$ cat structure_3.cif   # mmCIF, C-alpha atoms and all ligand atoms; chains and numbers go by the auth columns
data_upload
#
loop_
_atom_site.group_PDB
_atom_site.id
_atom_site.type_symbol
_atom_site.label_atom_id
_atom_site.label_comp_id
_atom_site.label_asym_id
_atom_site.label_seq_id
_atom_site.Cartn_x
_atom_site.Cartn_y
_atom_site.Cartn_z
_atom_site.B_iso_or_equiv
_atom_site.auth_seq_id
_atom_site.auth_asym_id
ATOM 1 C CA MET A 1 12.384 7.989 -2.327 0.00 1 K
ATOM 2 C CA ILE A 2 10.139 11.021 -2.691 0.00 2 K
ATOM 3 C CA ALA A 3 10.790 13.519 -5.480 0.00 3 K
ATOM 4 C CA LEU A 4 9.503 17.090 -5.405 0.00 4 K
ATOM 5 C CA SER A 5 10.089 20.148 -7.558 0.00 5 K
ATOM 6 C CA LYS A 6 12.090 23.042 -6.178 0.00 6 K
ATOM 7 C CA GLU A 7 8.859 25.093 -6.332 0.00 7 K
ATOM 8 C CA ASP A 8 6.894 22.612 -4.217 0.00 8 K
ATOM 9 C CA LEU A 9 9.704 22.373 -1.660 0.00 9 K
ATOM 10 C CA GLU A 10 9.753 26.176 -1.467 0.00 10 K
ATOM 11 C CA LYS A 11 5.969 26.250 -1.133 0.00 11 K
ATOM 12 C CA ILE A 12 6.125 23.844 1.820 0.00 12 K
ATOM 13 C CA ARG A 13 8.887 25.902 3.481 0.00 13 K
ATOM 14 C CA ARG A 14 6.949 29.176 3.048 0.00 14 K
ATOM 15 C CA HIS A 15 3.773 27.556 4.401 0.00 15 K
ATOM 16 C CA ALA A 16 5.636 26.235 7.454 0.00 16 K
ATOM 17 C CA GLU A 17 7.144 29.677 8.108 0.00 17 K
ATOM 18 C CA ALA A 18 3.812 31.467 7.625 0.00 18 K
ATOM 19 C CA GLU A 19 2.094 29.246 10.216 0.00 19 K
ATOM 20 C CA TYR A 20 4.943 29.419 12.748 0.00 20 K
ATOM 21 C CA PRO A 21 4.768 29.021 15.788 0.00 21 K
ATOM 22 C CA TYR A 22 1.924 26.671 14.835 0.00 22 K
ATOM 23 C CA GLU A 23 2.277 23.462 12.875 0.00 23 K
ATOM 24 C CA CYS A 24 1.244 23.595 9.244 0.00 24 K
ATOM 25 C CA CYS A 25 0.003 20.658 7.193 0.00 25 K
ATOM 26 C CA GLY A 26 -0.696 19.773 3.607 0.00 26 K
ATOM 27 C CA LEU A 27 -1.305 17.084 1.010 0.00 27 K
ATOM 28 C CA LEU A 28 1.100 15.562 -1.497 0.00 28 K
ATOM 29 C CA LEU A 29 -0.456 14.441 -4.800 0.00 29 K
ATOM 30 C CA GLY A 30 1.261 12.798 -7.742 0.00 30 K
ATOM 31 C CA LYS A 31 2.364 9.471 -9.156 0.00 31 K
ATOM 32 C CA ALA A 32 3.456 6.390 -7.259 0.00 32 K
ATOM 33 C CA SER A 33 5.719 3.638 -8.498 0.00 33 K
ATOM 34 C CA VAL A 34 7.672 0.929 -6.718 0.00 34 K
ATOM 35 C CA ASN A 35 9.507 2.541 -3.788 0.00 35 K
ATOM 36 C CA SER A 36 9.121 6.027 -5.183 0.00 36 K
ATOM 37 C CA HIS A 37 6.694 8.891 -4.934 0.00 37 K
ATOM 38 C CA GLU A 38 6.784 11.692 -7.487 0.00 38 K
ATOM 39 C CA VAL A 39 4.949 14.747 -6.189 0.00 39 K
ATOM 40 C CA HIS A 40 3.135 16.884 -8.770 0.00 40 K
ATOM 41 C CA GLU A 41 1.391 19.109 -6.286 0.00 41 K
ATOM 42 C CA ALA A 42 1.860 20.118 -2.664 0.00 42 K
ATOM 43 C CA GLU A 43 -1.418 21.541 -1.386 0.00 43 K
ATOM 44 C CA PRO A 44 -1.654 23.432 1.919 0.00 44 K
ATOM 45 C CA VAL A 45 -4.729 22.583 4.026 0.00 45 K
ATOM 46 C CA PRO A 46 -5.916 23.971 7.388 0.00 46 K
ATOM 47 C CA ASN A 47 -4.637 22.459 10.607 0.00 47 K
ATOM 48 C CA THR A 48 -7.888 21.416 12.305 0.00 48 K
ATOM 49 C CA PHE A 49 -6.387 20.091 15.556 0.00 49 K
ATOM 50 C CA GLU A 50 -8.222 21.458 18.601 0.00 50 K
ATOM 51 C CA ASP A 51 -7.439 24.986 19.814 0.00 51 K
ATOM 52 C CA GLY A 52 -4.504 25.414 22.152 0.00 52 K
ATOM 53 C CA GLN A 53 -2.464 22.456 20.856 0.00 53 K
ATOM 54 C CA ARG A 54 -1.610 23.436 17.294 0.00 54 K
ATOM 55 C CA LYS A 55 1.956 24.425 18.228 0.00 55 K
ATOM 56 C CA ARG A 56 2.665 20.733 18.635 0.00 56 K
ATOM 57 C CA ARG A 57 -0.101 18.916 16.778 0.00 57 K
ATOM 58 C CA PHE A 58 -1.766 18.840 13.373 0.00 58 K
ATOM 59 C CA GLU A 59 -4.842 17.203 11.961 0.00 59 K
ATOM 60 C CA ILE A 60 -6.092 17.025 8.404 0.00 60 K
ATOM 61 C CA SER A 61 -9.888 16.796 8.545 0.00 61 K
ATOM 62 C CA PRO A 62 -11.694 13.836 6.982 0.00 62 K
ATOM 63 C CA ASP A 63 -13.482 16.276 4.640 0.00 63 K
ATOM 64 C CA GLU A 64 -10.108 17.491 3.264 0.00 64 K
ATOM 65 C CA PHE A 65 -8.880 13.923 2.872 0.00 65 K
ATOM 66 C CA PHE A 66 -12.092 12.941 1.071 0.00 66 K
ATOM 67 C CA ARG A 67 -11.847 15.929 -1.289 0.00 67 K
ATOM 68 C CA ALA A 68 -8.162 15.208 -2.045 0.00 68 K
ATOM 69 C CA GLU A 69 -8.741 11.496 -2.646 0.00 69 K
ATOM 70 C CA MET A 70 -11.590 12.279 -5.089 0.00 70 K
ATOM 71 C CA LYS A 71 -9.482 14.944 -6.817 0.00 71 K
ATOM 72 C CA ALA A 72 -6.593 12.491 -7.192 0.00 72 K
ATOM 73 C CA ARG A 73 -8.856 9.766 -8.590 0.00 73 K
ATOM 74 C CA ARG A 74 -10.455 12.143 -11.108 0.00 74 K
ATOM 75 C CA SER A 75 -7.078 13.331 -12.396 0.00 75 K
ATOM 76 C CA GLY A 76 -5.444 9.887 -12.547 0.00 76 K
ATOM 77 C CA LYS A 77 -3.117 10.749 -9.668 0.00 77 K
ATOM 78 C CA GLU A 78 -2.713 9.449 -6.176 0.00 78 K
ATOM 79 C CA LEU A 79 -2.698 10.935 -2.736 0.00 79 K
ATOM 80 C CA LEU A 80 0.938 10.100 -1.916 0.00 80 K
ATOM 81 C CA GLY A 81 1.166 11.444 1.582 0.00 81 K
ATOM 82 C CA PHE A 82 1.218 14.503 3.781 0.00 82 K
ATOM 83 C CA TYR A 83 3.574 17.181 4.998 0.00 83 K
ATOM 84 C CA HIS A 84 3.690 18.984 8.308 0.00 84 K
ATOM 85 C CA SER A 85 6.044 21.213 10.256 0.00 85 K
ATOM 86 C CA HIS A 86 7.824 20.831 13.592 0.00 86 K
ATOM 87 C CA PRO A 87 8.164 24.306 15.125 0.00 87 K
ATOM 88 C CA ASP A 88 11.454 24.584 17.060 0.00 88 K
ATOM 89 C CA CYS A 89 11.947 20.837 16.904 0.00 89 K
ATOM 90 C CA PRO A 90 13.956 18.563 14.582 0.00 90 K
ATOM 91 C CA GLU A 91 12.411 17.077 11.440 0.00 91 K
ATOM 92 C CA ASP A 92 12.410 13.571 12.927 0.00 92 K
ATOM 93 C CA ALA A 93 9.103 11.716 13.109 0.00 93 K
ATOM 94 C CA SER A 94 7.868 11.710 16.700 0.00 94 K
ATOM 95 C CA GLU A 95 6.284 8.863 18.641 0.00 95 K
ATOM 96 C CA TYR A 96 2.959 10.686 18.263 0.00 96 K
ATOM 97 C CA ASP A 97 3.539 10.806 14.488 0.00 97 K
ATOM 98 C CA ARG A 98 4.158 7.059 14.429 0.00 98 K
ATOM 99 C CA LEU A 99 1.100 6.189 16.507 0.00 99 K
ATOM 100 C CA HIS A 100 -1.182 8.176 14.191 0.00 100 K
ATOM 101 C CA ALA A 101 0.380 7.261 10.845 0.00 101 K
ATOM 102 C CA LEU A 102 -0.615 4.829 8.130 0.00 102 K
ATOM 103 C CA PRO A 103 1.777 2.692 6.083 0.00 103 K
ATOM 104 C CA VAL A 104 2.557 3.420 2.414 0.00 104 K
ATOM 105 C CA TYR A 105 2.101 7.197 2.675 0.00 105 K
ATOM 106 C CA SER A 106 5.052 9.605 2.751 0.00 106 K
ATOM 107 C CA TYR A 107 5.176 11.831 5.836 0.00 107 K
ATOM 108 C CA LEU A 108 7.363 14.802 4.937 0.00 108 K
ATOM 109 C CA ILE A 109 8.427 16.928 7.906 0.00 109 K
ATOM 110 C CA VAL A 110 10.000 20.367 7.830 0.00 110 K
ATOM 111 C CA SER A 111 11.610 21.774 10.929 0.00 111 K
ATOM 112 C CA VAL A 112 11.163 25.507 11.632 0.00 112 K
ATOM 113 C CA GLU A 113 13.693 27.186 13.898 0.00 113 K
ATOM 114 C CA LYS A 114 12.610 30.552 15.312 0.00 114 K
ATOM 115 C CA GLY A 115 10.393 31.130 12.283 0.00 115 K
ATOM 116 C CA VAL A 116 12.886 30.046 9.616 0.00 116 K
ATOM 117 C CA SER A 117 12.522 26.696 7.845 0.00 117 K
ATOM 118 C CA ALA A 118 15.450 24.338 8.355 0.00 118 K
ATOM 119 C CA GLY A 119 15.805 20.603 7.677 0.00 119 K
ATOM 120 C CA ILE A 120 13.396 18.485 5.664 0.00 120 K
ATOM 121 C CA LYS A 121 13.119 14.711 6.005 0.00 121 K
ATOM 122 C CA SER A 122 10.522 12.241 4.811 0.00 122 K
ATOM 123 C CA TRP A 123 9.299 9.129 6.616 0.00 123 K
ATOM 124 C CA VAL A 124 7.338 6.005 5.725 0.00 124 K
ATOM 125 C CA LEU A 125 5.751 3.781 8.367 0.00 125 K
ATOM 126 C CA LYS A 126 6.744 0.124 8.221 0.00 126 K
ATOM 127 C CA SER A 127 3.720 -2.043 7.426 0.00 127 K
ATOM 128 C CA ASP A 128 3.799 -3.702 10.862 0.00 128 K
ATOM 129 C CA ARG A 129 3.609 -0.126 12.320 0.00 129 K
ATOM 130 C CA SER A 130 6.716 -0.756 14.453 0.00 130 K
ATOM 131 C CA VAL A 131 8.892 2.073 13.176 0.00 131 K
ATOM 132 C CA PHE A 132 9.166 4.977 10.740 0.00 132 K
ATOM 133 C CA GLU A 133 11.825 4.517 8.069 0.00 133 K
ATOM 134 C CA GLN A 134 13.483 7.530 6.514 0.00 134 K
ATOM 135 C CA GLU A 135 13.237 7.895 2.730 0.00 135 K
ATOM 136 C CA GLU A 136 15.393 10.046 0.490 0.00 136 K
ATOM 137 C CA VAL A 137 13.988 13.474 -0.486 0.00 137 K
ATOM 138 C CA ARG A 138 15.062 14.354 -4.011 0.00 138 K
ATOM 139 C CA GLU A 139 14.648 17.743 -5.645 0.00 139 K
ATOM 140 C CA ILE A 140 13.594 17.493 -9.298 0.00 140 K
ATOM 141 C CA MET B 1 -24.319 -3.527 -3.407 0.00 1 U
ATOM 142 C CA ALA B 2 -22.127 -0.438 -3.689 0.00 2 U
ATOM 143 C CA THR B 3 -18.651 0.547 -4.826 0.00 3 U
ATOM 144 C CA LEU B 4 -16.161 0.843 -1.984 0.00 4 U
ATOM 145 C CA LEU B 5 -13.322 3.334 -2.634 0.00 5 U
ATOM 146 C CA ILE B 6 -10.140 2.334 -0.810 0.00 6 U
ATOM 147 C CA PRO B 7 -7.405 4.897 -0.056 0.00 7 U
ATOM 148 C CA THR B 8 -3.827 4.012 -1.006 0.00 8 U
ATOM 149 C CA ALA B 9 -2.617 3.044 2.470 0.00 9 U
ATOM 150 C CA LEU B 10 -5.313 0.394 2.888 0.00 10 U
ATOM 151 C CA ARG B 11 -5.129 -1.088 -0.626 0.00 11 U
ATOM 152 C CA ALA B 12 -2.234 -3.339 0.287 0.00 12 U
ATOM 153 C CA PHE B 13 -4.635 -5.119 2.654 0.00 13 U
ATOM 154 C CA ALA B 14 -7.422 -5.315 0.048 0.00 14 U
ATOM 155 C CA GLY B 15 -5.743 -7.156 -2.793 0.00 15 U
ATOM 156 C CA GLY B 16 -4.191 -3.949 -4.152 0.00 16 U
ATOM 157 C CA GLN B 17 -7.507 -2.724 -5.565 0.00 17 U
ATOM 158 C CA PRO B 18 -8.425 1.003 -5.521 0.00 18 U
ATOM 159 C CA GLU B 19 -12.123 0.087 -5.515 0.00 19 U
ATOM 160 C CA LEU B 20 -14.302 -2.971 -5.114 0.00 20 U
ATOM 161 C CA ASP B 21 -17.972 -3.692 -5.754 0.00 21 U
ATOM 162 C CA LEU B 22 -19.321 -5.267 -2.593 0.00 22 U
ATOM 163 C CA ASP B 23 -22.661 -6.529 -1.324 0.00 23 U
ATOM 164 C CA GLY B 24 -24.507 -4.751 1.422 0.00 24 U
ATOM 165 C CA SER B 25 -27.542 -2.542 1.898 0.00 25 U
ATOM 166 C CA THR B 26 -25.883 -0.234 4.458 0.00 26 U
ATOM 167 C CA ALA B 27 -22.443 1.387 4.688 0.00 27 U
ATOM 168 C CA GLY B 28 -21.590 -0.918 7.601 0.00 28 U
ATOM 169 C CA GLU B 29 -22.533 -4.026 5.625 0.00 29 U
ATOM 170 C CA VAL B 30 -20.395 -2.978 2.657 0.00 30 U
ATOM 171 C CA ILE B 31 -17.351 -2.553 4.931 0.00 31 U
ATOM 172 C CA ALA B 32 -18.077 -5.869 6.649 0.00 32 U
ATOM 173 C CA ALA B 33 -18.146 -7.494 3.186 0.00 33 U
ATOM 174 C CA LEU B 34 -14.654 -6.102 2.542 0.00 34 U
ATOM 175 C CA ALA B 35 -13.381 -7.557 5.822 0.00 35 U
ATOM 176 C CA LEU B 36 -14.915 -10.912 4.925 0.00 36 U
ATOM 177 C CA LYS B 37 -13.272 -10.913 1.499 0.00 37 U
ATOM 178 C CA HIS B 38 -9.889 -9.615 2.743 0.00 38 U
ATOM 179 C CA PRO B 39 -9.505 -10.638 6.415 0.00 39 U
ATOM 180 C CA GLU B 40 -6.005 -9.098 6.494 0.00 40 U
ATOM 181 C CA ILE B 41 -7.589 -5.614 6.505 0.00 41 U
ATOM 182 C CA LYS B 42 -9.696 -6.323 9.616 0.00 42 U
ATOM 183 C CA GLU B 43 -7.175 -5.172 12.221 0.00 43 U
ATOM 184 C CA HIS B 44 -6.745 -1.873 10.372 0.00 44 U
ATOM 185 C CA LEU B 45 -10.481 -1.146 10.422 0.00 45 U
ATOM 186 C CA TYR B 46 -11.912 -2.651 13.588 0.00 46 U
ATOM 187 C CA GLU B 47 -11.114 -2.614 17.281 0.00 47 U
ATOM 188 C CA GLU B 48 -11.021 -5.971 19.045 0.00 48 U
ATOM 189 C CA SER B 49 -14.562 -5.295 20.266 0.00 49 U
ATOM 190 C CA GLY B 50 -15.706 -5.282 16.642 0.00 50 U
ATOM 191 C CA LYS B 51 -16.327 -1.530 16.613 0.00 51 U
ATOM 192 C CA LEU B 52 -14.941 0.471 13.692 0.00 52 U
ATOM 193 C CA ARG B 53 -11.717 2.256 14.749 0.00 53 U
ATOM 194 C CA SER B 54 -12.271 5.864 15.790 0.00 54 U
ATOM 195 C CA PHE B 55 -9.857 7.295 13.203 0.00 55 U
ATOM 196 C CA ILE B 56 -11.682 5.611 10.317 0.00 56 U
ATOM 197 C CA ASN B 57 -14.453 7.725 8.836 0.00 57 U
ATOM 198 C CA VAL B 58 -16.928 6.489 6.272 0.00 58 U
ATOM 199 C CA TYR B 59 -18.391 8.581 3.463 0.00 59 U
ATOM 200 C CA VAL B 60 -21.424 7.707 1.391 0.00 60 U
ATOM 201 C CA GLY B 61 -21.534 9.871 -1.706 0.00 61 U
ATOM 202 C CA ASP B 62 -19.826 13.034 -0.494 0.00 62 U
ATOM 203 C CA GLU B 63 -21.178 12.982 3.080 0.00 63 U
ATOM 204 C CA ASN B 64 -19.565 11.692 6.249 0.00 64 U
ATOM 205 C CA VAL B 65 -21.979 9.071 7.633 0.00 65 U
ATOM 206 C CA LYS B 66 -21.644 10.819 11.021 0.00 66 U
ATOM 207 C CA LYS B 67 -23.995 13.429 9.500 0.00 67 U
ATOM 208 C CA LEU B 68 -26.284 10.689 8.142 0.00 68 U
ATOM 209 C CA GLN B 69 -27.279 7.487 9.945 0.00 69 U
ATOM 210 C CA GLY B 70 -23.791 6.292 10.813 0.00 70 U
ATOM 211 C CA LEU B 71 -22.955 2.782 9.633 0.00 71 U
ATOM 212 C CA ASP B 72 -26.696 2.151 9.210 0.00 72 U
ATOM 213 C CA THR B 73 -26.788 4.674 6.352 0.00 73 U
ATOM 214 C CA PRO B 74 -28.486 2.865 3.455 0.00 74 U
ATOM 215 C CA VAL B 75 -26.594 2.465 0.174 0.00 75 U
ATOM 216 C CA LYS B 76 -27.869 1.923 -3.347 0.00 76 U
ATOM 217 C CA GLU B 77 -26.059 0.193 -6.174 0.00 77 U
ATOM 218 C CA SER B 78 -25.072 3.534 -7.694 0.00 78 U
ATOM 219 C CA ASP B 79 -23.535 4.772 -4.408 0.00 79 U
ATOM 220 C CA SER B 80 -19.868 4.961 -3.636 0.00 80 U
ATOM 221 C CA VAL B 81 -18.655 4.393 -0.105 0.00 81 U
ATOM 222 C CA MET B 82 -15.184 5.613 0.929 0.00 82 U
ATOM 223 C CA LEU B 83 -12.996 4.694 3.880 0.00 83 U
ATOM 224 C CA VAL B 84 -11.439 7.966 5.071 0.00 84 U
ATOM 225 C CA PRO B 85 -8.717 7.872 7.712 0.00 85 U
ATOM 226 C CA ALA B 86 -8.150 10.866 9.982 0.00 86 U
ATOM 227 C CA ILE B 87 -4.594 12.119 9.466 0.00 87 U
ATOM 228 C CA ALA B 88 -2.772 13.541 12.481 0.00 88 U
ATOM 229 C CA GLY B 89 0.654 13.941 14.019 0.00 89 U
ATOM 230 C CA GLY B 90 2.923 16.459 15.637 0.00 90 U
ATOM 231 C CA ARG B 91 6.246 17.255 17.221 0.00 91 U
ATOM 232 C CA LYS B 92 7.767 15.836 20.369 0.00 92 U
ATOM 233 C CA TRP B 93 5.910 17.167 23.437 0.00 93 U
ATOM 234 C CA ASP B 94 8.265 18.623 26.029 0.00 94 U
HETATM 235 ZN ZN ZN C . 5.397 15.374 13.436 0.00 201 K
#

$ encode --input "structure_3.cif" --output "C-alpha cells"
Amino acid sequence: MIALSKEDLEKIRRHAEAEYPYECCGLLLGKASVNSHEVHEAEPVPNTFEDGQRKRRFEISPDEFFRAEMKARRSGKELLGFYHSHPDCPEDASEYDRLHALPVYSYLIVSVEKGVSAGIKSWVLKSDRSVFEQEEVREI
Amino acid sequence: MATLLIPTALRAFAGGQPELDLDGSTAGEVIAALALKHPEIKEHLYEESGKLRSFINVYVGDENVKKLQGLDTPVKESDSVMLVPAIAGGRKWD
C-alpha cells in the first residue's frame, strides 16, 4: 500500500498534465514500514531521457537520485519510489518499466488522456524481477 | 576503508543495512568488499563478465566517479561511497 495526501496526488496530476504529451517523472519521499509506504513529499524532477523519445520514456538522472537519497537520509526519511506519466496510454506498468525497475520501490503511474490526467496505479517489482505487482493507492 | 551508502532497493541484499564501513582504497574495491560480504547482492551489481552493470553509478563524496577516475577513484576513511541506480521507464511503445 502507498499512501499520499490529496495535495501530493493533485501535484502529480498537474505535473503530468503540464508535461503532456511528454512523460513526466518525480520522486516520492517519506516513511516506509512493512508493506506500506507513506509519502510526505512528491518532488517533480526533469525527464532526462534522450531527445525525441520523451513521449514514451523517462529517466531520472543519477545526480537527481543522489541528491534525493542524501536529502532523505539527512531528514530521517526514505526515498520510497518514483512516479511517472503514461501519455495516452493506461496506467499499467509496461514491459520496459519492468525491465528497468528495482524491487522495493513504489512505481506510481498516472495516465494522461488527451492532456487530462486519468487513472493512477502503483506497482512494486517482485524481488525475483519476474513481474510487477499492483499495490493499493490510498489518499490520506 | 570508506562508508558505503546503500539505497533502499539494494539493502535487502546487503543485510538490511543503509550503510556499511568496508575496506578498500578505491571505489571499486569498496564495492567488491560489499559483494564479498553479501554475495546475494552480486547479481544486482555485476554483469556475468564481472563488469559493474551499466545502470549502476558510483559516487564518491558528491561526484559521480565517471567524472573522476572511475572505479579506480581513491577513497579515504572519511569518504562516503554511494551506489546510485539509474531510474528509467516508460509507456508501451506502439
Ligand atoms: Zn511506465

$ residues_near_ligand --input "structure_3.cif" --ligand "ligand ZN 201 (chain K)" --cutoff "8 Å" --atoms "only C-alpha atoms and all ligand atoms" --output "JSON, numbers by chain"
{"K": [56, 57, 58, 84, 85, 86, 91, 92, 93, 94, 96, 97, 109], "U": [89, 90, 91, 92]}

$ closest_atom_pairs --input "structure_3.cif" --of "segment 15-130 of chain K" --to "segment 54-68 of chain U" --cutoff "8 Å" --atoms "only C-alpha atoms" --output "Markdown table"
| residue | atom | partner | partner_atom | distance |
| --- | --- | --- | --- | --- |
| K:Pro62 | CA | U:Asn57 | CA | 7.0 |
| K:Asp63 | CA | U:Asn64 | CA | 7.8 |
| K:Phe66 | CA | U:Asp62 | CA | 7.9 |

$ write_last_selection --input "structure_3.cif" --atoms "C-alpha atoms" --output "compact mmCIF listing (two decimals), keeping the file's coordinate frame"
# COMPACT_ATOMS: atom_id res chain seq x y z
CA PRO K 62 -11.69 13.84 6.98
CA ASP K 63 -13.48 16.28 4.64
CA PHE K 66 -12.09 12.94 1.07

$ interface_residues --input "structure_3.cif" --of "chain K" --to "chain U" --cutoff "10 Å" --atoms "only C-alpha atoms" --output "PyMOL selection string"
chain K and resi 23-25+32+47-49+53-67+69-70+73+78-82+84-105+107+109+111+127

$ atom_distance --input "structure_3.cif" --atom1 "atom CA of Arg53 of chain U" --atom2 "atom CA of Asp23 of chain U"
21.3 Å

$ resolve_selection --input "structure_3.cif" --expression "the PyMOL selection byres (((chain U and resi 36-39) around 12) and not hetatm)" --output "list of chain:residue names"
U:Leu10, U:Arg11, U:Ala12, U:Phe13, U:Ala14, U:Gly15, U:Gly16, U:Gln17, U:Leu20, U:Asp21, U:Leu22, U:Asp23, U:Gly24, U:Glu29, U:Val30, U:Ile31, U:Ala32, U:Ala33, U:Leu34, U:Ala35, U:Glu40, U:Ile41, U:Lys42, U:Glu43, U:His44, U:Leu45, U:Tyr46

$ atom_distance --input "structure_3.cif" --atom1 "atom CA of Leu4 of chain K" --atom2 "atom CA of Val110 of chain K"
13.6 Å

$ resolve_selection --input "structure_3.cif" --expression "the PyMOL selection byres (((chain U and resi 75) around 6) and not hetatm)" --output "NGL selection string"
:U and (25-26 or 74 or 76 or 79)

$ write_last_selection --input "structure_3.cif" --atoms "C-alpha atoms" --output "short mmCIF file (atom, residue, chain, number, x, y, z; two decimals), keeping the file's coordinate frame"
data_model
loop_
_atom_site.label_atom_id
_atom_site.label_comp_id
_atom_site.auth_asym_id
_atom_site.auth_seq_id
_atom_site.Cartn_x
_atom_site.Cartn_y
_atom_site.Cartn_z
CA SER U 25 -27.54 -2.54 1.90
CA THR U 26 -25.88 -0.23 4.46
CA PRO U 74 -28.49 2.86 3.46
CA LYS U 76 -27.87 1.92 -3.35
CA ASP U 79 -23.54 4.77 -4.41
#

$ resolve_selection --input "structure_3.cif" --expression "the PyMOL selection byres (((chain K and resi 1) around 9) and not hetatm)" --output "list in words"
Ile2, Ala3, Asn35, Ser36, His37, Glu38, Ser122, Gln134, Glu135, Glu136, Val137 and Arg138 of chain K

$ atom_distance --input "structure_3.cif" --atom1 "atom CA of Ile140 of chain K" --atom2 "atom CA of Lys114 of chain K"
27.9 Å

$ axis_aligned_box --input "structure_3.cif" --around "segment 81-87 of chain K" --padding-each-side "3 Å" --output "AutoDock Vina command-line options"
--center_x 4.7 --center_y 17.9 --center_z 8.4 --size_x 13.0 --size_y 18.9 --size_z 19.5

$ residues_near_point --input "structure_3.cif" --point "(8.1, 31.9, 13.2)" --cutoff "8 Å" --atoms "only C-alpha atoms" --output "NGL selection string"
:K and (17-21 or 87 or 112-116)

$ closest_residue --input "structure_3.cif" --among "U:Glu19, U:Met1, U:Gly28, U:Glu48" --to "Asp72 of chain U" --atoms "all atoms listed in the file"
U:Gly28
